[in-house]
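A.B. asks: Below are the structure tokens for one structure; questions will follow.
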Amino acid sequence: MNLKEEIKDDIAIITLTGELMDGPDVMPFHDHIKQLVASGTNRVIVDFSAVRWFGSAMLGVLTASLATVKAAGGDLRLVGITRRIESILMVTSLASAFQTFRTLNRAMVSFRHE
């Protein structure tokens, strides 16, 4: 897994690339979220547009990251979700836990309306 971060308007945009399959590959993601929250950033958008598939380990880390950000008074939103990843969220009943958007711009705007 490769992770790239950019901060725009106090929102961390994390772009992920690669297949996210097992624990050792995905643990740096949650560590990165914890560092963001510790530094005062609690609004996060995760861009999955360059990710075709991820396994249960990433799903667990993503859920834990959502809890971490919400505990700090923020939110974590998803963008660029493929149909395959959307199906994972639906099957696990986590689709309602995450706000998903088709574009990064829409996700950014959604934070402005809070």
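Simple scheme: letters A, B, ... for chains in structure tokens order, numbers from 1 for residues in each chain, numbers from 1 for ligands in the order shown.
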Residues of chain A classed as alpha helix (DSSP H) by DSSP on the backbone are to be reported as an MDAnalysis selection string.
C.D. replies: chainID A and resid 23:38 56:71 83:91 104:112
A.B. asks: As a PDB file with C-alpha atoms, in the first residue's frame, please: every residue in range 50-112 of chain A that a backbone DSSP assignment puts in strand (DSSP E or B).
C.D. replies:
```pdb
ATOM      1  CA  ALA A  50      -6.414   3.952  -7.494  1.00  0.00           C
ATOM      2  CA  PHE A  54      -8.866  -4.603  -0.356  1.00  0.00           C
ATOM      3  CA  ASP A  75     -15.261  12.486  10.325  1.00  0.00           C
ATOM      4  CA  LEU A  76     -13.683  10.264   7.701  1.00  0.00           C
ATOM      5  CA  ARG A  77     -15.201  10.186   4.229  1.00  0.00           C
ATOM      6  CA  LEU A  78     -14.486   7.955   1.258  1.00  0.00           C
ATOM      7  CA  VAL A  79     -14.112   8.868  -2.387  1.00  0.00           C
ATOM      8  CA  GLN A  99     -20.119   8.668   3.773  1.00  0.00           C
ATOM      9  CA  THR A 100     -19.001   8.019   0.217  1.00  0.00           C
ATOM     10  CA  PHE A 101     -18.680  10.450  -2.674  1.00  0.00           C
TER      11      PHE A 101
END
```
A.B. asks: Using only C-alpha atoms, determine which residues lie at most 12 Å from Val61 in chain A, disregarding the query and same-chain residues fewer than 2 positions distant; provide the list as a PyMOL selection string.
C.D. replies: chain A and resi 20-34+54-59+63-68
A.B. asks: Quick one: pull the distance between CA of Leu89 in chain A and CA of Trp53 in chain A, Å, one decimal.
C.D. replies: 11.7 Å
A.B. asks: Using only C-alpha atoms, which of the listed residues (A:Asp10, A:Glu86, A:Glu19, A:Glu5) sits closest to Val46 in chain A?
C.D. replies: A:Glu5
A.B. asks: What's the 12 Å shell around Ile11 in chain A, counting only C-alpha atoms, without same-chain residues fewer than 3 positions away, as a PyMOL selection string?
C.D. replies: chain A and resi 5-8+14+36-37+40-46+69+74-77+104-105+107-112
A.B. asks: What is the CA of Val51 in chain A to CA of Ile85 in chain A distance in Å?
C.D. replies: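 Taking CA of Val51 in chain A and CA of Ile85 in chain A, their separation equals 8.8 Å.
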A.B. asks: Which is closer to Gln35 in chain A than all the others in A:Thr82, A:Leu62, A:Ser87, A:Ala12, using only C-alpha atoms?
C.D. replies: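 Under the stated criterion, the closest residue is A:Ala12.
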